[in-house]
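Student: So that you have it, the file is target_38.csv, and it contains CSV, C-alpha atoms:
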chain,number,residue,atom,x,y,z
D,1,MET,CA,-29.8,-29.2,22.5
D,2,ILE,CA,-29.2,-28.5,18.9
D,3,ASN,CA,-25.7,-28.2,17.5
D,4,PHE,CA,-25.2,-26.1,14.4
D,5,ILE,CA,-22.4,-27.2,12.2
D,6,HIS,CA,-20.9,-24.4,10.0
D,7,CYS,CA,-19.3,-25.5,6.8
D,8,ASN,CA,-17.0,-23.2,4.7
D,9,PHE,CA,-17.2,-24.4,1.2
D,10,THR,CA,-14.3,-23.5,-1.1
D,11,PHE,CA,-14.1,-24.4,-4.7
D,12,GLU,CA,-11.0,-26.2,-5.9
D,13,PRO,CA,-9.6,-25.0,-9.3
D,14,SER,CA,-10.6,-28.4,-10.9
D,15,MET,CA,-14.3,-27.9,-9.7
D,16,LEU,CA,-14.3,-24.4,-11.2
D,17,ASP,CA,-13.0,-25.8,-14.5
D,18,ILE,CA,-16.0,-28.1,-14.7
D,19,MET,CA,-18.5,-25.3,-14.0
D,20,LYS,CA,-17.0,-22.6,-16.2
D,21,LYS,CA,-17.1,-22.7,-20.0
D,22,MET,CA,-13.8,-21.7,-21.5
D,23,PRO,CA,-14.3,-18.9,-23.9
D,24,THR,CA,-12.8,-19.5,-27.3
D,25,SER,CA,-13.5,-16.2,-29.0
D,26,CYS,CA,-13.1,-12.6,-27.9
D,27,PRO,CA,-16.3,-11.1,-26.4
D,28,SER,CA,-15.4,-7.7,-27.9
D,29,CYS,CA,-14.4,-8.5,-31.5
D,30,ALA,CA,-15.2,-12.2,-31.9
D,31,GLN,CA,-11.6,-13.0,-32.9
D,32,GLY,CA,-10.3,-16.4,-31.8
D,33,LEU,CA,-8.6,-16.2,-28.4
D,34,GLN,CA,-5.1,-17.4,-27.6
D,35,VAL,CA,-3.6,-18.8,-24.4
D,36,SER,CA,-1.3,-16.2,-22.7
D,37,GLU,CA,-0.8,-17.8,-19.3
D,38,MET,CA,-0.6,-21.2,-17.8
D,39,ARG,CA,-0.3,-22.0,-14.1
D,40,CYS,CA,0.7,-25.1,-12.2
D,41,PRO,CA,-2.0,-25.8,-9.6
D,42,ASN,CA,0.6,-27.5,-7.4
D,43,CYS,CA,3.5,-25.1,-7.1
D,44,GLN,CA,1.9,-22.0,-8.7
D,45,THR,CA,4.6,-21.7,-11.4
D,46,VAL,CA,3.3,-19.4,-14.2
D,47,VAL,CA,4.3,-19.8,-17.8
D,48,THR,CA,3.4,-16.8,-20.0
D,49,GLY,CA,3.5,-16.6,-23.8
D,50,SER,CA,1.2,-16.7,-26.7
D,51,TYR,CA,-0.1,-20.1,-27.7
D,52,PRO,CA,-2.9,-20.7,-30.2
D,53,LEU,CA,-5.7,-22.9,-28.9
D,54,PRO,CA,-5.7,-26.5,-30.1
D,55,LEU,CA,-8.3,-27.2,-32.7
D,56,PHE,CA,-10.4,-29.3,-30.4
D,57,LEU,CA,-10.6,-26.6,-27.8
D,58,SER,CA,-11.6,-24.0,-30.4
D,59,LEU,CA,-14.9,-25.9,-30.8
D,60,SER,CA,-17.9,-25.2,-28.6
D,61,SER,CA,-18.3,-27.2,-25.4
D,62,ASP,CA,-21.3,-29.1,-27.0
D,63,ASP,CA,-19.2,-30.1,-30.0
D,64,GLN,CA,-16.3,-31.2,-27.7
D,65,ALA,CA,-18.7,-33.3,-25.6
D,66,PHE,CA,-20.1,-34.9,-28.8
D,67,ILE,CA,-16.6,-35.8,-30.1
D,68,LEU,CA,-15.7,-37.3,-26.7
D,69,ASP,CA,-18.9,-39.3,-26.7
D,70,PHE,CA,-18.2,-40.4,-30.3
D,71,PHE,CA,-14.7,-41.5,-29.2
D,72,LEU,CA,-16.0,-43.4,-26.1
D,73,ASN,CA,-18.5,-45.2,-28.2
D,74,SER,CA,-15.8,-46.4,-30.5
D,75,GLY,CA,-17.2,-44.3,-33.4
D,76,SER,CA,-20.5,-46.1,-33.4
D,77,LEU,CA,-23.1,-43.5,-34.3
D,78,LYS,CA,-25.9,-46.1,-33.9
D,79,LYS,CA,-24.9,-46.7,-30.3
D,80,MET,CA,-24.6,-43.0,-29.7
D,81,ALA,CA,-28.0,-42.3,-31.1
D,82,SER,CA,-29.5,-45.0,-28.9
D,83,ASP,CA,-27.7,-43.6,-25.8
D,84,LEU,CA,-28.7,-40.0,-26.5
D,85,GLY,CA,-32.3,-40.9,-27.4
D,86,LYS,CA,-31.9,-39.4,-30.8
D,87,SER,CA,-32.3,-40.8,-34.3
D,88,TYR,CA,-29.4,-42.0,-36.4
D,89,PRO,CA,-29.6,-39.2,-39.0
D,90,THR,CA,-29.8,-36.5,-36.3
D,91,VAL,CA,-26.5,-37.8,-34.7
D,92,ARG,CA,-24.9,-38.2,-38.1
D,93,ASN,CA,-25.9,-34.6,-39.1
D,94,HIS,CA,-24.3,-33.3,-35.9
D,95,LEU,CA,-21.1,-35.1,-36.7
D,96,ASP,CA,-21.2,-33.7,-40.3
D,97,ASP,CA,-21.8,-30.2,-39.0
D,98,ILE,CA,-18.8,-30.5,-36.6
D,99,ILE,CA,-16.6,-31.7,-39.5
D,100,ALA,CA,-17.7,-28.7,-41.6
D,101,ARG,CA,-16.8,-26.4,-38.6
D,102,ILE,CA,-13.4,-28.0,-38.2
D,103,HIS,CA,-12.7,-27.5,-41.9
D,104,LEU,CA,-13.6,-23.9,-41.5
D,105,LEU,CA,-11.3,-23.5,-38.5
D,106,LYS,CA,-8.5,-25.2,-40.4
D,107,GLN,CA,-8.7,-22.8,-43.3
D,108,PRO,CA,-5.9,-20.2,-43.1
D,109,LYS,CA,-7.3,-16.8,-42.1
D,110,ALA,CA,-7.0,-14.1,-44.8
L,1,MET,CA,-45.2,-33.8,-27.1
L,2,SER,CA,-45.6,-30.9,-29.5
L,3,SER,CA,-42.1,-31.4,-31.0
L,4,LEU,CA,-43.0,-35.1,-31.6
L,5,LEU,CA,-46.1,-34.0,-33.5
L,6,ILE,CA,-44.1,-31.7,-35.8
L,7,ASN,CA,-40.7,-33.5,-35.8
L,8,PRO,CA,-40.6,-37.1,-34.5
L,9,PHE,CA,-37.7,-37.7,-36.9
L,10,GLU,CA,-35.0,-36.2,-34.6
L,11,ARG,CA,-35.8,-38.6,-31.7
L,12,TRP,CA,-37.5,-41.7,-33.1
L,13,SER,CA,-35.4,-44.5,-34.6
L,14,GLU,CA,-36.1,-45.5,-38.2
L,15,GLY,CA,-37.6,-48.8,-37.0
L,16,ARG,CA,-40.2,-47.1,-34.9
L,17,LEU,CA,-41.0,-44.6,-37.6
L,18,LEU,CA,-41.4,-47.3,-40.3
L,19,LEU,CA,-43.7,-49.3,-38.0
L,20,VAL,CA,-45.9,-46.2,-37.2
L,21,GLY,CA,-45.9,-45.1,-40.8
L,22,SER,CA,-46.8,-48.6,-42.2
L,23,LEU,CA,-49.6,-49.0,-39.7
L,24,GLY,CA,-50.8,-45.5,-40.7
L,25,LEU,CA,-50.7,-46.6,-44.4
L,26,ALA,CA,-52.8,-49.7,-43.7
L,27,LEU,CA,-55.3,-47.8,-41.5
L,28,GLY,CA,-55.4,-44.9,-43.9
L,29,SER,CA,-56.2,-47.2,-46.9
L,30,LEU,CA,-59.0,-48.8,-44.9
L,31,MET,CA,-60.3,-45.3,-44.0
L,32,GLY,CA,-60.2,-44.3,-47.6
L,33,TYR,CA,-62.4,-47.3,-48.5
L,34,TRP,CA,-64.8,-46.7,-45.6
L,35,PHE,CA,-65.2,-43.0,-46.2
L,36,HIS,CA,-65.0,-43.2,-50.1
L,37,VAL,CA,-61.9,-41.1,-50.5
L,38,ARG,CA,-59.1,-41.4,-53.0
L,39,TRP,CA,-55.6,-40.0,-52.8
L,40,ASP,CA,-55.0,-39.9,-56.6
L,41,GLY,CA,-51.7,-37.9,-56.4
L,42,VAL,CA,-49.2,-37.2,-53.7
L,43,ILE,CA,-50.9,-34.0,-52.7
L,44,ASP,CA,-54.5,-34.9,-53.7
L,45,MET,CA,-57.6,-36.0,-51.8
L,46,HIS,CA,-60.9,-36.5,-53.6
L,47,ALA,CA,-64.2,-37.8,-52.3
L,48,VAL,CA,-65.9,-40.3,-54.7
L,49,ARG,CA,-69.2,-42.0,-54.8
L,50,GLN,CA,-67.9,-45.4,-55.8
L,51,LEU,CA,-64.5,-47.1,-55.5
L,52,ASP,CA,-63.0,-50.6,-55.3
L,53,TRP,CA,-61.4,-51.8,-52.1
L,54,TRP,CA,-57.9,-52.0,-53.7
L,55,GLN,CA,-57.9,-48.4,-55.0
L,56,PRO,CA,-57.0,-46.6,-51.8
L,57,TRP,CA,-54.2,-49.2,-51.3
L,58,ALA,CA,-52.9,-48.7,-54.8
L,59,ASP,CA,-53.1,-44.9,-54.4
L,60,ASN,CA,-51.1,-44.9,-51.2
L,61,LEU,CA,-48.5,-47.4,-52.3
L,62,ILE,CA,-47.9,-45.5,-55.6
L,63,ASN,CA,-47.8,-42.1,-53.8
L,64,VAL,CA,-45.4,-43.4,-51.1
L,65,SER,CA,-43.1,-45.0,-53.7
L,66,SER,CA,-43.1,-41.9,-56.1
L,67,LEU,CA,-42.6,-39.4,-53.3
L,68,SER,CA,-39.9,-41.4,-51.4
L,69,ILE,CA,-37.9,-42.0,-54.6
L,70,CYS,CA,-38.1,-38.4,-55.8
L,71,LEU,CA,-37.2,-37.0,-52.3
L,72,TYR,CA,-34.4,-39.6,-52.0
L,73,VAL,CA,-32.8,-38.4,-55.4
L,74,SER,CA,-33.3,-34.8,-54.2
L,75,GLY,CA,-31.7,-35.7,-50.8
L,76,LEU,CA,-28.7,-37.4,-52.5
L,77,MET,CA,-28.1,-34.2,-54.5
L,78,ILE,CA,-27.8,-32.3,-51.2
L,79,ASN,CA,-26.0,-34.9,-49.2
L,80,LYS,CA,-24.5,-38.1,-50.4
L,81,LYS,CA,-25.0,-39.8,-47.0
L,82,THR,CA,-28.8,-39.6,-47.3
L,83,ARG,CA,-30.4,-43.0,-46.7
L,84,TYR,CA,-33.5,-44.2,-48.5
L,85,ILE,CA,-34.9,-45.8,-45.3
L,86,ASP,CA,-35.0,-42.3,-43.5
L,87,ILE,CA,-36.8,-40.7,-46.5
L,88,LEU,CA,-39.3,-43.6,-46.7
L,89,ALA,CA,-40.0,-43.4,-43.0
L,90,ALA,CA,-40.5,-39.6,-43.3
L,91,VAL,CA,-43.0,-40.1,-46.2
L,92,LEU,CA,-44.9,-42.9,-44.4
L,93,VAL,CA,-45.2,-40.9,-41.2
L,94,ALA,CA,-46.1,-37.5,-42.9
L,95,ARG,CA,-48.9,-39.2,-44.9
L,96,ILE,CA,-50.7,-40.1,-41.7
L,97,ALA,CA,-51.9,-36.4,-41.7
L,98,LEU,CA,-53.4,-36.9,-45.2
L,99,TYR,CA,-55.2,-40.1,-44.2
L,100,ILE,CA,-57.1,-38.2,-41.4
L,101,THR,CA,-58.5,-35.9,-44.2
L,102,SER,CA,-60.7,-38.9,-45.2
L,103,VAL,CA,-62.8,-38.3,-42.0
L,104,SER,CA,-64.1,-35.1,-43.8
L,105,ASN,CA,-66.2,-37.4,-46.0
L,106,SER,CA,-67.4,-39.7,-43.2
L,107,THR,CA,-71.0,-38.7,-43.8
L,108,GLY,CA,-70.7,-38.4,-47.6
L,109,PHE,CA,-70.9,-34.6,-47.2
L,110,LEU,CA,-68.1,-33.8,-49.6
L,111,VAL,CA,-69.6,-35.9,-52.4
L,112,ARG,CA,-73.1,-34.4,-51.9
L,113,PHE,CA,-71.6,-30.8,-51.8
L,114,GLY,CA,-69.6,-31.4,-55.0
L,115,GLU,CA,-72.7,-32.7,-56.8
L,116,GLN,CA,-74.8,-29.8,-55.5
L,117,VAL,CA,-72.3,-27.2,-56.8
L,118,LEU,CA,-72.0,-29.1,-60.2
L,119,ALA,CA,-75.8,-29.2,-60.5
L,120,SER,CA,-76.2,-25.5,-59.7
L,121,LEU,CA,-73.5,-24.6,-62.3
L,122,THR,CA,-75.0,-26.8,-65.0
L,123,GLN,CA,-78.6,-25.7,-64.4
L,124,GLY,CA,-78.4,-21.9,-64.2
L,125,GLY,CA,-74.9,-20.5,-64.7
L,126,SER,CA,-73.8,-19.5,-61.2
L,127,PRO,CA,-74.6,-21.6,-58.2
L,128,ALA,CA,-77.3,-20.4,-55.9
L,129,ILE,CA,-75.1,-19.7,-52.9
L,130,ASN,CA,-78.0,-19.6,-50.4
L,131,ASP,CA,-79.0,-23.2,-51.1
L,132,LEU,CA,-75.5,-24.5,-50.4
L,133,PRO,CA,-74.2,-25.5,-46.9
L,134,ILE,CA,-71.4,-23.0,-47.1
L,135,ALA,CA,-70.6,-22.9,-43.4
L,136,GLY,CA,-70.1,-26.7,-43.3
L,137,ALA,CA,-68.0,-26.6,-46.4
L,138,ILE,CA,-65.7,-23.9,-45.1
L,139,ALA,CA,-65.3,-25.7,-41.8
L,140,LEU,CA,-64.3,-28.9,-43.7
L,141,ILE,CA,-61.9,-27.0,-46.0
L,142,LEU,CA,-60.2,-25.4,-43.0
L,143,PHE,CA,-59.9,-28.9,-41.4
L,144,VAL,CA,-58.4,-30.4,-44.5
L,145,MET,CA,-56.1,-27.4,-45.1
L,146,GLY,CA,-54.8,-27.7,-41.5
L,147,LEU,CA,-54.0,-31.3,-42.0
L,148,MET,CA,-52.3,-30.5,-45.3
L,149,VAL,CA,-50.1,-27.9,-43.6
L,150,TRP,CA,-49.3,-30.5,-40.9
L,151,HIS,CA,-48.4,-33.1,-43.7
L,152,PHE,CA,-46.0,-30.7,-45.4
L,153,ALA,CA,-44.4,-29.7,-42.1
L,154,LEU,CA,-43.8,-33.3,-41.2
L,155,LEU,CA,-42.6,-34.2,-44.7
L,156,TYR,CA,-40.1,-31.2,-44.8
L,157,GLN,CA,-38.8,-32.0,-41.3
L,158,GLY,CA,-38.3,-35.6,-42.2
L,159,PHE,CA,-36.5,-34.6,-45.4
L,160,ARG,CA,-34.4,-32.0,-43.6
L,161,VAL,CA,-33.3,-34.6,-40.9
L,162,ALA,CA,-32.6,-37.3,-43.5
L,163,SER,CA,-30.5,-35.2,-45.8
L,164,ASN,CA,-29.2,-32.5,-43.4
L,165,ALA,CA,-30.8,-30.0,-45.7
L,166,LYS,CA,-30.2,-26.3,-45.0
L,167,GLY,CA,-31.1,-23.0,-46.7
L,168,ALA,CA,-33.2,-21.9,-49.6
L,169,THR,CA,-31.6,-24.4,-52.1
L,170,SER,CA,-32.8,-27.3,-49.9
L,171,VAL,CA,-36.3,-25.8,-49.8
L,172,MET,CA,-36.3,-25.6,-53.6
L,173,ALA,CA,-35.0,-29.2,-53.9
L,174,PHE,CA,-37.8,-30.3,-51.6
L,175,ILE,CA,-40.5,-28.5,-53.6
L,176,SER,CA,-39.2,-29.7,-56.9
L,177,ALA,CA,-39.1,-33.3,-55.7
L,178,VAL,CA,-42.8,-33.0,-54.5
L,179,VAL,CA,-43.9,-31.6,-57.8
L,180,VAL,CA,-42.1,-34.3,-59.8
L,181,ALA,CA,-43.5,-37.0,-57.5
L,182,GLU,CA,-47.0,-35.6,-58.0
L,183,LEU,CA,-46.6,-35.8,-61.8
L,184,VAL,CA,-45.2,-39.3,-61.7
L,185,ALA,CA,-47.9,-40.6,-59.3
L,186,LYS,CA,-50.6,-39.0,-61.4
L,187,LEU,CA,-49.3,-40.6,-64.6
L,188,ILE,CA,-49.0,-44.1,-63.0
L,189,LEU,CA,-52.5,-43.8,-61.5
L,190,PHE,CA,-53.9,-42.7,-64.9
L,191,LEU,CA,-52.3,-45.7,-66.6
L,192,LEU,CA,-53.8,-48.1,-64.0
L,193,PRO,CA,-56.9,-50.0,-65.2
Please express what this file holds, its structure, as structure tokens.
Tutor:
Amino acid sequence: MINFIHCNFTFEPSMLDIMKKMPTSCPSCAQGLQVSEMRCPNCQTVVTGSYPLPLFLSLSSDDQAFILDFFLNSGSLKKMASDLGKSYPTVRNHLDDIIARIHLLKQPKA
Amino acid sequence: MSSLLINPFERWSEGRLLLVGSLGLALGSLMGYWFHVRWDGVIDMHAVRQLDWWQPWADNLINVSSLSICLYVSGLMINKKTRYIDILAAVLVARIALYITSVSNSTGFLVRFGEQVLASLTQGGSPAINDLPIAGAIALILFVMGLMVWHFALLYQGFRVASNAKGATSVMAFISAVVVAELVAKLILFLLP
């Protein structure tokens, strides 16, 4: 006799956060987005307002992952290059490009 | 694999690139001696009837030094963080494509063809086209041209990765450095005994 087991799979909010990429710019006009609502996953309390995104979150997910890697490697680009299987100048160039993007984001908008 | 052939500089460490490039230089110099080819300039390849064993070595060492120093200065103007070791590795690896061009004279064809053209020109004005092995010459020219394109693609990719070069200004800086390196190498090789 064969027993079939049915599983109902539901995504927890934290799992969805991992799978989804948070948009940082408006898909319609490309303007930088702001946070307008935050929700407590425990008691469902909702806070509304208008908060600018922190600089780190305004970067692309690739750039965020790179910065996190850089931090976890104690700022050693050589170790990062070795871990990522890339050359040292390639990793250094990525860091320089992120720094240039951060300088652009920090510039006051006209 | 194809990305490694065009741009190994993004993945390979400078140690591996230097090793491959240095082995290429040594093997290339030996090939130059075996196949009677000289690289008397950073973008030159000439088949010769006679040469000393040390001449291909001197050609390659002078070309690598001249090109790497000129590209390094150019890279520094674009990005102060450019390292000489990355530029040197790029030059050494990119020149492997040039060393393969020496195979085109493996049978002494290029020397004989050059002498035939010269003889035809000196004897009766225009060369007698029908007497020349045109098809073979065209095939060899295409082979050499393809390797030259590969050499420049490798060299530019290496320069771009080493200096984080972007845009038209960087291309101009690269071309200027190659032209200056060619003039410097030619001058040094001319002054050699």
Student: Could you please determine the separation between atom CA of L:Arg38 and atom CA of L:Trp57 in Å, to one decimal place?
Tutor: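 Interatomic distance here is 9.4 Å.
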Student: Scan for residues within 12 Å of the point (-57.3, -48.0, -56.3) in the coordinates of the file, using only C-alpha atoms, and reply as number ranges by chain.
Tutor: L: 29-30, 32-33, 36-41, 48, 50-63, 188-193
Student: Could you tell me which residues of chain L sit within 6 Å of chain D when counting all atoms listed in the file, and give me the result as a PyMOL selection string?
Tutor: chain L and resi 10-13+162+164
Student: Which residue is closest to D:Ser61? Choose from D:Leu105, D:Cys29, D:Met22, D:Val35 and count only C-alpha atoms.
Tutor: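 For D:Ser61, the nearest of the given residues is D:Met22.
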Student: Would you kindly identify which residues have an atom no farther than 7 Å from (-42.4, -35.0, -37.1), using all atoms listed in the file and the file's own coordinates, and write them out as number ranges by chain?
Tutor: L: 4-9, 154, 157-158
Student: Please measure the separation of atom CA of L:Glu182 and atom CA of L:Leu67, giving the value in Å to one decimal.
Tutor: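 It comes out at 7.5 Å.
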Student: Could you jot down the atom CA of L:Cys70 to atom CA of L:Val161 separation for me, Å, one decimal place?
Tutor: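 We find that atom CA of L:Cys70 and atom CA of L:Val161 lie 16.1 Å from each other.
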Student: Skip L:Val180 itself and residues of its chain fewer than 5 positions away, then list as a PDB file with C-alpha atoms, keeping the file's coordinate frame all residues within 12 Å of it, counting only C-alpha atoms.
Tutor:
ATOM      1  CA  GLY L  41     -51.700 -37.900 -56.400  1.00  0.00           C
ATOM      2  CA  VAL L  42     -49.200 -37.200 -53.700  1.00  0.00           C
ATOM      3  CA  ILE L  43     -50.900 -34.000 -52.700  1.00  0.00           C
ATOM      4  CA  ASN L  63     -47.800 -42.100 -53.800  1.00  0.00           C
ATOM      5  CA  SER L  66     -43.100 -41.900 -56.100  1.00  0.00           C
ATOM      6  CA  LEU L  67     -42.600 -39.400 -53.300  1.00  0.00           C
ATOM      7  CA  SER L  68     -39.900 -41.400 -51.400  1.00  0.00           C
ATOM      8  CA  ILE L  69     -37.900 -42.000 -54.600  1.00  0.00           C
ATOM      9  CA  CYS L  70     -38.100 -38.400 -55.800  1.00  0.00           C
ATOM     10  CA  LEU L  71     -37.200 -37.000 -52.300  1.00  0.00           C
ATOM     11  CA  VAL L  73     -32.800 -38.400 -55.400  1.00  0.00           C
ATOM     12  CA  SER L  74     -33.300 -34.800 -54.200  1.00  0.00           C
ATOM     13  CA  ALA L 173     -35.000 -29.200 -53.900  1.00  0.00           C
ATOM     14  CA  PHE L 174     -37.800 -30.300 -51.600  1.00  0.00           C
ATOM     15  CA  ILE L 175     -40.500 -28.500 -53.600  1.00  0.00           C
ATOM     16  CA  ALA L 185     -47.900 -40.600 -59.300  1.00  0.00           C
ATOM     17  CA  LYS L 186     -50.600 -39.000 -61.400  1.00  0.00           C
ATOM     18  CA  LEU L 187     -49.300 -40.600 -64.600  1.00  0.00           C
TER      19      LEU L 187
END
Student: Of the residues D:Gln44, D:Ser58, D:Gln107, D:Ser76, which is the one nearest to D:Gln31, using all atoms listed in the file?
Tutor: D:Ser58
